file query-v3.cif (mmCIF, C-alpha atoms)
data_structure
#
loop_
_atom_site.group_PDB
_atom_site.id
_atom_site.type_symbol
_atom_site.label_atom_id
_atom_site.label_comp_id
_atom_site.auth_asym_id
_atom_site.auth_seq_id
_atom_site.Cartn_x
_atom_site.Cartn_y
_atom_site.Cartn_z
ATOM 1 C CA MET A 1150 85.619 97.599 99.402
ATOM 2 C CA SER A 1151 82.487 96.336 97.841
ATOM 3 C CA ASN A 1152 80.334 96.890 100.909
ATOM 4 C CA GLY A 1153 82.330 99.620 102.616
ATOM 5 C CA GLN A 1154 83.249 97.315 105.475
ATOM 6 C CA ASN A 1155 85.776 94.836 104.103
ATOM 7 C CA ILE A 1156 89.095 95.964 102.719
ATOM 8 C CA CYS A 1157 90.622 93.652 100.125
ATOM 9 C CA SER A 1158 94.030 93.354 98.457
ATOM 10 C CA VAL A 1159 92.999 95.709 95.643
ATOM 11 C CA ASP A 1160 92.195 98.388 98.212
ATOM 12 C CA MET A 1161 95.588 97.891 99.820
ATOM 13 C CA ILE A 1162 97.242 98.530 96.443
ATOM 14 C CA LEU A 1163 94.995 101.355 95.254
ATOM 15 C CA ALA A 1164 94.690 103.373 98.482
ATOM 16 C CA PRO A 1165 98.405 104.240 98.845
ATOM 17 C CA ASN A 1166 98.540 105.310 95.196
ATOM 18 C CA LEU A 1167 95.536 107.578 95.628
ATOM 19 C CA TYR A 1168 97.102 108.929 98.802
ATOM 20 C CA HIS A 1169 100.309 109.749 96.914
ATOM 21 C CA LEU A 1170 98.221 111.517 94.296
ATOM 22 C CA GLN A 1171 96.315 113.537 96.880
ATOM 23 C CA VAL A 1172 99.403 114.602 98.832
ATOM 24 C CA SER A 1173 101.636 115.320 95.856
ATOM 25 C CA ILE A 1174 99.124 117.429 93.910
ATOM 26 C CA GLY A 1175 98.311 119.338 97.069
ATOM 27 C CA HIS A 1176 101.933 120.016 97.923
ATOM 28 C CA PHE A 1177 103.438 120.649 94.502
ATOM 29 C CA LYS A 1178 100.525 122.067 92.516
ATOM 30 C CA LYS A 1179 98.362 123.525 95.306
ATOM 31 C CA TRP A 1180 95.444 121.624 93.834
ATOM 32 C CA SER A 1181 92.906 119.270 95.396
ATOM 33 C CA MET A 1182 90.529 116.611 94.220
ATOM 34 C CA PRO A 1183 87.395 118.193 92.758
ATOM 35 C CA GLU A 1184 84.127 117.834 94.622
ATOM 36 C CA SER A 1185 82.582 116.341 91.486
ATOM 37 C CA ILE A 1186 84.340 113.017 92.071
ATOM 38 C CA SER A 1187 82.651 112.412 95.405
ATOM 39 C CA HIS A 1188 82.798 108.601 95.134
ATOM 40 C CA VAL A 1189 86.582 108.687 94.805
ATOM 41 C CA ARG A 1190 86.896 111.214 97.636
ATOM 42 C CA ASN A 1191 84.727 109.098 99.947
ATOM 43 C CA TYR A 1192 86.631 105.942 99.021
ATOM 44 C CA MET A 1193 89.924 107.684 99.781
ATOM 45 C CA LYS A 1194 88.687 108.910 103.167
ATOM 46 C CA VAL A 1195 87.698 105.422 104.263
ATOM 47 C CA CYS A 1196 90.840 103.730 102.964
ATOM 48 C CA ILE A 1197 93.256 106.354 104.243
ATOM 49 C CA LEU A 1198 91.678 106.327 107.698
ATOM 50 C CA PHE A 1199 92.012 102.553 107.734
ATOM 51 C CA LEU A 1200 95.652 102.641 106.613
ATOM 52 C CA CYS A 1201 96.569 105.353 109.129
ATOM 53 C CA ALA A 1202 94.927 103.405 111.920
ATOM 54 C CA CYS A 1203 96.985 100.356 110.949
ATOM 55 C CA VAL A 1204 100.407 101.945 110.584
ATOM 56 C CA GLY A 1205 100.496 105.334 112.260
ATOM 57 C CA ALA A 1206 99.819 109.005 111.910
ATOM 58 C CA GLU A 1207 98.895 110.606 108.604
ATOM 59 C CA ASN A 1208 101.403 113.459 109.004
ATOM 60 C CA ILE A 1209 104.305 111.021 108.877
ATOM 61 C CA PHE A 1210 103.013 109.733 105.555
ATOM 62 C CA CYS A 1211 102.674 113.251 104.137
ATOM 63 C CA ALA A 1212 106.316 114.042 104.846
ATOM 64 C CA ARG A 1213 107.446 110.771 103.290
ATOM 65 C CA VAL A 1214 105.349 111.237 100.162
ATOM 66 C CA VAL A 1215 106.683 114.755 99.615
ATOM 67 C CA ALA A 1216 110.258 113.556 100.169
ATOM 68 C CA VAL A 1217 109.832 110.768 97.620
ATOM 69 C CA TRP A 1218 108.581 113.144 94.913
ATOM 70 C CA LYS A 1219 111.237 115.835 95.437
#

call {"tool": "encode", "arguments": {"input": "query-v3.cif", "output": "structure tokens"}}
result
Amino acid sequence: MSNGQNICSVDMILAPNLYHLQVSIGHFKKWSMPESISHVRNYMKVCILFLCACVGAENIFCARVVAVWK
């Protein structure tokens, strides 16, 4: 997402992996991404909102991610 508007194939690969990271560390370790990595956090917000809008609700993804890592 070089300009914040266009999502490319790299974003489509990276965003789900970052989402897995965010959900799994939150669920299993009760930890969250530090505020100090604001660029990554902002990138994740934009990409995850885009992905959820394309395929469905975020809560469904959370349950699936947790199930995969159990």

call {"tool": "atom_distance", "arguments": {"input": "query-v3.cif", "atom1": "CA of Asn1155 in chain A", "atom2": "CA of Leu1170 in chain A"}}
result
23.0 Å

call {"tool": "atom_distance", "arguments": {"input": "query-v3.cif", "atom1": "CA of Val1195 in chain A", "atom2": "CA of Val1159 in chain A"}}
result
14.0 Å

call {"tool": "closest_residue", "arguments": {"input": "query-v3.cif", "among": "A:Ala1212, A:Met1193, A:Lys1179, A:Ser1185", "to": "Pro1165 in chain A", "atoms": "only C-alpha atoms"}}
result
A:Met1193

call {"tool": "closest_residue", "arguments": {"input": "query-v3.cif", "among": "A:Cys1157, A:Ala1164, A:Val1214, A:Ile1174", "to": "Tyr1192 in chain A", "atoms": "all atoms listed in the file"}}
result
A:Ala1164

call {"tool": "atom_distance", "arguments": {"input": "query-v3.cif", "atom1": "CA of His1176 in chain A", "atom2": "CA of Asp1160 in chain A"}}
result
23.7 Å

call {"tool": "residues_around", "arguments": {"input": "query-v3.cif", "residues": "Phe1177 in chain A", "least_positions_apart": "2", "cutoff": "12 Å", "atoms": "all atoms listed in the file", "output": "list in words"}}
result
His1169, Leu1170, Gln1171, Val1172, Ser1173, Ile1174, Gly1175, Lys1179, Trp1180, Ser1181, Val1214, Val1215, Ala1216, Trp1218 and Lys1219 of chain A

call {"tool": "decode", "arguments": {"input": "query-v3.cif", "residues": "range 1183-1197 of chain A", "atoms": "all heavy atoms", "output": "compact mmCIF listing (two decimals), in the first residue's frame"}}
result
# COMPACT_ATOMS: atom_id res chain seq x y z
N PRO A 1183 2.90 -3.01 20.68
CA PRO A 1183 3.27 -1.78 21.39
C PRO A 1183 2.93 -0.53 20.58
O PRO A 1183 2.92 -0.56 19.35
CB PRO A 1183 4.78 -1.91 21.58
CG PRO A 1183 5.22 -3.06 20.79
CD PRO A 1183 4.04 -3.83 20.34
N GLU A 1184 2.63 0.53 21.28
CA GLU A 1184 2.32 1.80 20.64
C GLU A 1184 3.50 2.35 19.84
O GLU A 1184 3.33 3.13 18.92
CB GLU A 1184 1.90 2.84 21.70
CG GLU A 1184 0.62 2.50 22.42
CD GLU A 1184 -0.59 2.58 21.52
OE1 GLU A 1184 -0.62 3.43 20.60
OE2 GLU A 1184 -1.52 1.80 21.74
N SER A 1185 4.70 1.92 20.20
CA SER A 1185 5.90 2.45 19.55
C SER A 1185 6.02 2.05 18.09
O SER A 1185 6.77 2.67 17.34
CB SER A 1185 7.15 2.00 20.31
OG SER A 1185 7.26 0.59 20.30
N ILE A 1186 5.29 1.04 17.67
CA ILE A 1186 5.35 0.64 16.25
C ILE A 1186 4.07 1.12 15.55
O ILE A 1186 3.32 0.36 14.96
CB ILE A 1186 5.57 -0.87 16.08
CG1 ILE A 1186 4.55 -1.68 16.86
CG2 ILE A 1186 6.98 -1.26 16.47
CD1 ILE A 1186 4.61 -3.17 16.55
N SER A 1187 3.87 2.42 15.61
CA SER A 1187 2.63 3.02 15.10
C SER A 1187 2.43 2.79 13.61
O SER A 1187 1.29 2.63 13.16
CB SER A 1187 2.60 4.51 15.42
OG SER A 1187 3.70 5.16 14.82
N HIS A 1188 3.51 2.76 12.83
CA HIS A 1188 3.35 2.54 11.38
C HIS A 1188 2.77 1.15 11.11
O HIS A 1188 1.90 1.00 10.25
CB HIS A 1188 4.68 2.70 10.66
CG HIS A 1188 5.21 4.10 10.67
ND1 HIS A 1188 4.45 5.20 10.29
CD2 HIS A 1188 6.40 4.60 11.04
CE1 HIS A 1188 5.16 6.29 10.41
NE2 HIS A 1188 6.36 5.97 10.87
N VAL A 1189 3.25 0.16 11.84
CA VAL A 1189 2.74 -1.20 11.66
C VAL A 1189 1.29 -1.27 12.13
O VAL A 1189 0.43 -1.86 11.46
CB VAL A 1189 3.60 -2.23 12.43
CG1 VAL A 1189 2.98 -3.62 12.37
CG2 VAL A 1189 5.01 -2.25 11.88
N ARG A 1190 0.98 -0.65 13.25
CA ARG A 1190 -0.39 -0.65 13.77
C ARG A 1190 -1.35 0.02 12.79
O ARG A 1190 -2.44 -0.49 12.53
CB ARG A 1190 -0.45 0.03 15.12
CG ARG A 1190 0.26 -0.75 16.22
CD ARG A 1190 0.36 0.06 17.50
NE ARG A 1190 -0.93 0.39 18.06
CZ ARG A 1190 -1.56 -0.33 18.97
NH1 ARG A 1190 -1.00 -1.42 19.44
NH2 ARG A 1190 -2.73 0.04 19.42
N ASN A 1191 -0.96 1.14 12.23
CA ASN A 1191 -1.81 1.84 11.25
C ASN A 1191 -1.98 1.01 9.98
O ASN A 1191 -3.07 0.94 9.43
CB ASN A 1191 -1.23 3.21 10.92
CG ASN A 1191 -1.31 4.16 12.07
OD1 ASN A 1191 -2.14 4.00 12.97
ND2 ASN A 1191 -0.44 5.15 12.09
N TYR A 1192 -0.91 0.41 9.53
CA TYR A 1192 -0.97 -0.46 8.34
C TYR A 1192 -1.95 -1.61 8.59
O TYR A 1192 -2.78 -1.92 7.74
CB TYR A 1192 0.43 -1.00 8.03
CG TYR A 1192 0.46 -2.03 6.93
CD1 TYR A 1192 0.45 -1.64 5.61
CD2 TYR A 1192 0.48 -3.39 7.23
CE1 TYR A 1192 0.47 -2.58 4.59
CE2 TYR A 1192 0.50 -4.33 6.22
CZ TYR A 1192 0.50 -3.92 4.91
OH TYR A 1192 0.51 -4.86 3.91
N MET A 1193 -1.85 -2.22 9.76
CA MET A 1193 -2.73 -3.34 10.09
C MET A 1193 -4.19 -2.90 10.13
O MET A 1193 -5.07 -3.61 9.65
CB MET A 1193 -2.33 -3.97 11.42
CG MET A 1193 -1.04 -4.75 11.33
SD MET A 1193 -0.46 -5.33 12.93
CE MET A 1193 -1.80 -6.38 13.43
N LYS A 1194 -4.47 -1.74 10.69
CA LYS A 1194 -5.84 -1.25 10.76
C LYS A 1194 -6.44 -1.12 9.37
O LYS A 1194 -7.55 -1.56 9.11
CB LYS A 1194 -5.90 0.09 11.47
CG LYS A 1194 -5.75 0.02 12.96
CD LYS A 1194 -5.80 1.41 13.56
CE LYS A 1194 -5.40 1.37 15.00
NZ LYS A 1194 -5.31 2.72 15.57
N VAL A 1195 -5.70 -0.51 8.48
CA VAL A 1195 -6.20 -0.29 7.12
C VAL A 1195 -6.39 -1.62 6.40
O VAL A 1195 -7.45 -1.87 5.81
CB VAL A 1195 -5.25 0.62 6.31
CG1 VAL A 1195 -5.65 0.68 4.86
CG2 VAL A 1195 -5.22 2.00 6.92
N CYS A 1196 -5.41 -2.49 6.46
CA CYS A 1196 -5.50 -3.77 5.76
C CYS A 1196 -6.57 -4.67 6.33
O CYS A 1196 -7.32 -5.30 5.59
CB CYS A 1196 -4.16 -4.50 5.79
SG CYS A 1196 -2.95 -3.81 4.67
N ILE A 1197 -6.67 -4.74 7.63
CA ILE A 1197 -7.66 -5.61 8.26
C ILE A 1197 -9.07 -5.11 7.98
O ILE A 1197 -9.96 -5.89 7.69
CB ILE A 1197 -7.37 -5.77 9.76
CG1 ILE A 1197 -6.11 -6.63 9.94
CG2 ILE A 1197 -8.56 -6.41 10.49
CD1 ILE A 1197 -5.57 -6.68 11.34
